>>> print(open('run_21.pdb').read())   # PDB, C-alpha atoms
ATOM      1  CA  MET Z 283     -18.092  28.870  -6.977
ATOM      2  CA  LYS Z 284     -19.563  32.145  -5.731
ATOM      3  CA  ALA Z 285     -18.880  34.308  -2.668
ATOM      4  CA  GLN Z 286     -22.238  33.385  -1.151
ATOM      5  CA  GLU Z 287     -21.203  29.711  -1.133
ATOM      6  CA  ILE Z 288     -18.066  30.179   0.977
ATOM      7  CA  MET Z 289     -18.810  33.245   3.107
ATOM      8  CA  THR Z 290     -19.502  33.208   6.819
ATOM      9  CA  ARG Z 291     -23.105  34.316   7.180
ATOM     10  CA  GLU Z 292     -23.012  35.233  10.857
ATOM     11  CA  VAL Z 293     -21.181  38.540  10.850
ATOM     12  CA  LEU Z 294     -20.453  40.036  14.244
ATOM     13  CA  SER Z 295     -20.612  43.787  14.578
ATOM     14  CA  VAL Z 296     -20.018  46.482  17.157
ATOM     15  CA  ASP Z 297     -21.118  50.085  17.466
ATOM     16  CA  GLU Z 298     -18.501  52.710  16.600
ATOM     17  CA  SER Z 299     -18.540  53.921  20.225
ATOM     18  CA  THR Z 300     -17.410  50.479  21.485
ATOM     19  CA  SER Z 301     -14.014  50.437  23.196
ATOM     20  CA  VAL Z 302     -11.175  48.582  21.528
ATOM     21  CA  LYS Z 303     -10.945  46.377  24.617
ATOM     22  CA  GLU Z 304     -14.569  45.230  24.222
ATOM     23  CA  ALA Z 305     -14.198  44.648  20.477
ATOM     24  CA  VAL Z 306     -11.051  42.586  21.031
ATOM     25  CA  ARG Z 307     -12.819  40.603  23.757
ATOM     26  CA  ILE Z 308     -15.622  39.784  21.298
ATOM     27  CA  MET Z 309     -13.132  38.812  18.587
ATOM     28  CA  ALA Z 310     -11.237  36.533  20.994
ATOM     29  CA  LYS Z 311     -14.406  34.940  22.354
ATOM     30  CA  HIS Z 312     -15.605  34.044  18.855
ATOM     31  CA  ASN Z 313     -12.133  33.295  17.457
ATOM     32  CA  ILE Z 314     -12.495  35.791  14.604
ATOM     33  CA  GLY Z 315     -10.094  38.308  13.125
ATOM     34  CA  ALA Z 316     -12.494  41.128  12.287
ATOM     35  CA  VAL Z 317     -15.748  42.786  13.287
ATOM     36  CA  ILE Z 318     -17.978  45.071  11.268
ATOM     37  CA  VAL Z 319     -18.388  48.533  12.792
ATOM     38  CA  GLN Z 320     -21.880  50.014  12.670
ATOM     39  CA  THR Z 321     -21.933  53.769  12.065
ATOM     40  CA  PRO Z 322     -24.740  56.339  11.793
ATOM     41  CA  ARG Z 323     -23.826  56.782   8.129
ATOM     42  CA  PRO Z 324     -25.248  54.460   5.466
ATOM     43  CA  THR Z 325     -21.809  52.845   5.207
ATOM     44  CA  PHE Z 326     -19.944  50.779   7.778
ATOM     45  CA  GLY Z 327     -16.380  50.231   8.909
ATOM     46  CA  ILE Z 328     -14.300  47.210   9.817
ATOM     47  CA  PHE Z 329     -11.896  46.571  12.686
ATOM     48  CA  THR Z 330      -9.321  43.838  12.126
ATOM     49  CA  GLN Z 331      -6.360  42.288  13.891
ATOM     50  CA  GLY Z 332      -4.189  44.395  11.588
ATOM     51  CA  ASP Z 333      -5.907  47.578  12.796
ATOM     52  CA  LEU Z 334      -5.316  46.466  16.378
ATOM     53  CA  LEU Z 335      -1.597  46.017  15.781
ATOM     54  CA  SER Z 336      -0.874  49.051  13.615
ATOM     55  CA  ARG Z 337      -3.282  51.632  15.001
ATOM     56  CA  VAL Z 338      -3.567  50.647  18.649
ATOM     57  CA  VAL Z 339      -0.640  48.579  19.923
ATOM     58  CA  ALA Z 340       2.068  50.182  17.758
ATOM     59  CA  GLU Z 341       0.853  53.651  18.744
ATOM     60  CA  GLY Z 342       0.598  52.798  22.439
ATOM     61  CA  LYS Z 343      -3.102  53.593  22.741
ATOM     62  CA  GLU Z 344      -5.078  52.442  25.764
ATOM     63  CA  LEU Z 345      -7.535  49.655  24.960
ATOM     64  CA  GLU Z 346     -10.150  50.836  27.460
ATOM     65  CA  LYS Z 347     -10.124  54.484  26.405
ATOM     66  CA  THR Z 348      -9.799  54.140  22.644
ATOM     67  CA  LYS Z 349     -13.041  53.902  20.683
ATOM     68  CA  ILE Z 350     -13.322  51.729  17.600
ATOM     69  CA  LYS Z 351     -14.286  54.729  15.442
ATOM     70  CA  GLU Z 352     -10.803  56.174  16.098
ATOM     71  CA  VAL Z 353      -8.924  53.136  14.773
ATOM     72  CA  MET Z 354     -11.243  51.283  12.375
ATOM     73  CA  THR Z 355     -10.845  51.104   8.627
ATOM     74  CA  GLU Z 356     -13.519  53.410   7.246
ATOM     75  CA  SER Z 357     -13.326  52.879   3.511
ATOM     76  CA  VAL Z 358     -14.271  49.223   3.237
ATOM     77  CA  GLN Z 359     -13.887  47.315  -0.006
ATOM     78  CA  CYS Z 360     -16.729  44.808  -0.409
ATOM     79  CA  ALA Z 361     -17.606  41.895  -2.645
ATOM     80  CA  GLN Z 362     -20.989  40.978  -4.044
ATOM     81  CA  ALA Z 363     -22.630  37.635  -3.228
ATOM     82  CA  GLU Z 364     -22.418  36.581  -6.886
ATOM     83  CA  ASP Z 365     -18.684  37.339  -7.259
ATOM     84  CA  SER Z 366     -16.520  34.398  -8.307
ATOM     85  CA  ILE Z 367     -13.508  33.048  -6.425
ATOM     86  CA  ASP Z 368     -11.280  34.719  -9.025
ATOM     87  CA  ASP Z 369     -12.999  38.059  -8.336
ATOM     88  CA  LEU Z 370     -12.521  37.630  -4.576
ATOM     89  CA  VAL Z 371      -8.834  36.758  -4.879
ATOM     90  CA  ARG Z 372      -8.262  39.724  -7.208
ATOM     91  CA  ILE Z 373     -10.044  42.175  -4.886
ATOM     92  CA  MET Z 374      -8.258  40.937  -1.770
ATOM     93  CA  TYR Z 375      -4.884  41.006  -3.517
ATOM     94  CA  GLU Z 376      -5.327  44.435  -5.104
ATOM     95  CA  GLU Z 377      -6.715  46.002  -1.923
ATOM     96  CA  ASN Z 378      -4.287  44.099   0.329
ATOM     97  CA  VAL Z 379      -7.046  42.990   2.724
ATOM     98  CA  ARG Z 380      -7.600  39.775   4.646
ATOM     99  CA  TYR Z 381     -11.324  40.242   5.268
ATOM    100  CA  LEU Z 382     -13.937  41.080   2.685
ATOM    101  CA  PRO Z 383     -17.536  41.896   3.612
ATOM    102  CA  VAL Z 384     -20.045  40.402   1.187
ATOM    103  CA  MET Z 385     -23.049  42.382   0.010
ATOM    104  CA  ASP Z 386     -26.256  41.408  -1.746
ATOM    105  CA  GLY Z 387     -26.962  44.707  -3.415
ATOM    106  CA  ARG Z 388     -26.676  47.179  -0.533
ATOM    107  CA  LYS Z 389     -27.294  44.630   2.240
ATOM    108  CA  LEU Z 390     -24.441  43.024   4.218
ATOM    109  CA  VAL Z 391     -24.915  39.246   4.020
ATOM    110  CA  GLY Z 392     -21.566  37.781   5.056
ATOM    111  CA  ILE Z 393     -17.804  38.045   5.279
ATOM    112  CA  ILE Z 394     -14.935  36.135   3.663
ATOM    113  CA  SER Z 395     -11.432  35.769   5.070
ATOM    114  CA  THR Z 396      -8.255  34.711   3.307
ATOM    115  CA  ALA Z 397      -8.498  31.476   5.313
ATOM    116  CA  ASP Z 398     -11.910  30.821   3.726
ATOM    117  CA  LEU Z 399     -10.375  31.276   0.277
ATOM    118  CA  PHE Z 400      -7.377  29.073   1.062
ATOM    119  CA  LYS Z 401      -9.689  26.227   2.111
ATOM    120  CA  VAL Z 402     -11.631  26.417  -1.147
ATOM    121  CA  ILE Z 403      -8.540  26.759  -3.316
ATOM    122  CA  PHE Z 404      -6.729  23.935  -1.520
ATOM    123  CA  ARG Z 405      -9.696  21.570  -1.728
ATOM    124  CA  GLY Z 406     -10.143  22.422  -5.378
ATOM    125  CA  SER Z 407      -6.518  21.821  -6.266
ATOM    126  CA  GLU Z 408      -5.674  18.789  -8.338
ATOM    127  CA  GLY Z 409      -4.846  15.681  -6.378
ATOM    128  CA  TYR Z 410      -6.383  16.744  -3.069
ATOM    129  CA  ARG Z 411      -8.205  14.085  -1.126
ATOM    130  CA  GLU Z 412      -9.290  13.999   2.468
ATOM    131  CA  GLU Z 413      -7.547  11.427   4.557
ATOM    132  CA  ILE Z 414      -9.346   9.578   7.277
ATOM    133  CA  VAL Z 415      -7.324   9.664  10.456
TER     134      VAL Z 415
END
>>> encode(input="run_21.pdb", output="structure tokens")
Amino acid sequence: MKAQEIMTREVLSVDESTSVKEAVRIMAKHNIGAVIVQTPRPTFGIFTQGDLLSRVVAEGKELEKTKIKEVMTESVQCAQAEDSIDDLVRIMYEENVRYLPVMDGRKLVGIISTADLFKVIFRGSEGYREEIV
């Protein structure tokens, strides 16, 4: 199974000048744990629940006044659409990340979370069967 088969294709993003409060509102509204941060550079950033806790809440920053560019993760590890599940697990483990943007060449095409991987791994494990409730 490849990254493109399990990724979420609808990736939400915010501009780097967005306030943390607005980004968190978007994340809560869509029940997601990360948003891609658009920057003027050819690269992009990511803002996750972990960034919120460690770089905003733990440091006592004000949600309304703090801009995403101040607290986002800038150096984003990405996967390629053709990467295997084993590749994804290895990357996420080695980089200690819970969200992995997926690229097709240089184009962002999706995002994978650890929850996405757990679903695939669990369903693929021996002896799993869905029960009808």
>>> residues_around(input="run_21.pdb", residues="Glu344 in chain Z", least_positions_apart="5", cutoff="9 Å", atoms="all atoms listed in the file", output="list in words")
Val302, Lys303, Val338 and Val339 of chain Z
>>> write_last_selection(input="run_21.pdb", atoms="C-alpha atoms", output="PDB file, in the frame of the given file")
ATOM      1  CA  VAL Z 302     -11.175  48.582  21.528  1.00  0.00           C
ATOM      2  CA  LYS Z 303     -10.945  46.377  24.617  1.00  0.00           C
ATOM      3  CA  VAL Z 338      -3.567  50.647  18.649  1.00  0.00           C
ATOM      4  CA  VAL Z 339      -0.640  48.579  19.923  1.00  0.00           C
TER       5      VAL Z 339
END
>>> residues_around(input="run_21.pdb", residues="range 361-369 of chain Z", least_positions_apart="5", cutoff="6 Å", atoms="only C-alpha atoms", output="PyMOL selection string")
chain Z and resi 283-286+384-386
>>> closest_residue(input="run_21.pdb", among="Z:His312, Z:Ile350, Z:Ala305, Z:Arg323", to="Glu292 in chain Z", atoms="only C-alpha atoms")
Z:His312
>>> atom_distance(input="run_21.pdb", atom1="CA of Val353 in chain Z", atom2="CA of Leu294 in chain Z")
17.5 Å
>>> atom_distance(input="run_21.pdb", atom1="CA of Ser395 in chain Z", atom2="CA of Lys343 in chain Z")
26.4 Å
>>> build_atoms(input="run_21.pdb", residues="range 372-386 of chain Z", atoms="N, CA and C atoms", output="mmCIF file, keeping the file's coordinate frame")
data_model
loop_
_atom_site.group_PDB
_atom_site.id
_atom_site.type_symbol
_atom_site.label_atom_id
_atom_site.label_comp_id
_atom_site.auth_asym_id
_atom_site.auth_seq_id
_atom_site.Cartn_x
_atom_site.Cartn_y
_atom_site.Cartn_z
ATOM 1 N N ARG Z 372 -8.761 38.485 -6.586
ATOM 2 C CA ARG Z 372 -8.262 39.724 -7.208
ATOM 3 C C ARG Z 372 -8.496 40.929 -6.294
ATOM 4 N N ILE Z 373 -9.712 41.043 -5.762
ATOM 5 C CA ILE Z 373 -10.044 42.175 -4.886
ATOM 6 C C ILE Z 373 -9.154 42.162 -3.639
ATOM 7 N N MET Z 374 -9.040 41.011 -3.006
ATOM 8 C CA MET Z 374 -8.258 40.937 -1.770
ATOM 9 C C MET Z 374 -6.779 41.218 -2.032
ATOM 10 N N TYR Z 375 -6.271 40.752 -3.163
ATOM 11 C CA TYR Z 375 -4.884 41.006 -3.517
ATOM 12 C C TYR Z 375 -4.662 42.487 -3.835
ATOM 13 N N GLU Z 376 -5.499 43.041 -4.697
ATOM 14 C CA GLU Z 376 -5.327 44.435 -5.104
ATOM 15 C C GLU Z 376 -5.515 45.414 -3.951
ATOM 16 N N GLU Z 377 -6.436 45.112 -3.054
ATOM 17 C CA GLU Z 377 -6.715 46.002 -1.923
ATOM 18 C C GLU Z 377 -5.873 45.673 -0.695
ATOM 19 N N ASN Z 378 -5.138 44.556 -0.773
ATOM 20 C CA ASN Z 378 -4.287 44.099 0.329
ATOM 21 C C ASN Z 378 -5.087 43.959 1.634
ATOM 22 N N VAL Z 379 -6.187 43.214 1.561
ATOM 23 C CA VAL Z 379 -7.046 42.990 2.724
ATOM 24 C C VAL Z 379 -7.184 41.495 2.991
ATOM 25 N N ARG Z 380 -7.422 41.169 4.241
ATOM 26 C CA ARG Z 380 -7.600 39.775 4.646
ATOM 27 C C ARG Z 380 -9.059 39.430 4.915
ATOM 28 N N TYR Z 381 -9.899 40.444 4.996
ATOM 29 C CA TYR Z 381 -11.324 40.242 5.268
ATOM 30 C C TYR Z 381 -12.124 41.058 4.273
ATOM 31 N N LEU Z 382 -13.151 40.438 3.721
ATOM 32 C CA LEU Z 382 -13.937 41.080 2.685
ATOM 33 C C LEU Z 382 -15.428 40.906 2.989
ATOM 34 N N PRO Z 383 -16.083 41.989 3.412
ATOM 35 C CA PRO Z 383 -17.536 41.896 3.612
ATOM 36 C C PRO Z 383 -18.224 41.561 2.292
ATOM 37 N N VAL Z 384 -19.304 40.812 2.376
ATOM 38 C CA VAL Z 384 -20.045 40.402 1.187
ATOM 39 C C VAL Z 384 -21.427 41.040 1.228
ATOM 40 N N MET Z 385 -21.785 41.671 0.125
ATOM 41 C CA MET Z 385 -23.049 42.382 0.010
ATOM 42 C C MET Z 385 -23.961 41.670 -0.988
ATOM 43 N N ASP Z 386 -25.251 41.794 -0.756
ATOM 44 C CA ASP Z 386 -26.256 41.408 -1.746
ATOM 45 C C ASP Z 386 -26.965 42.714 -2.068
#
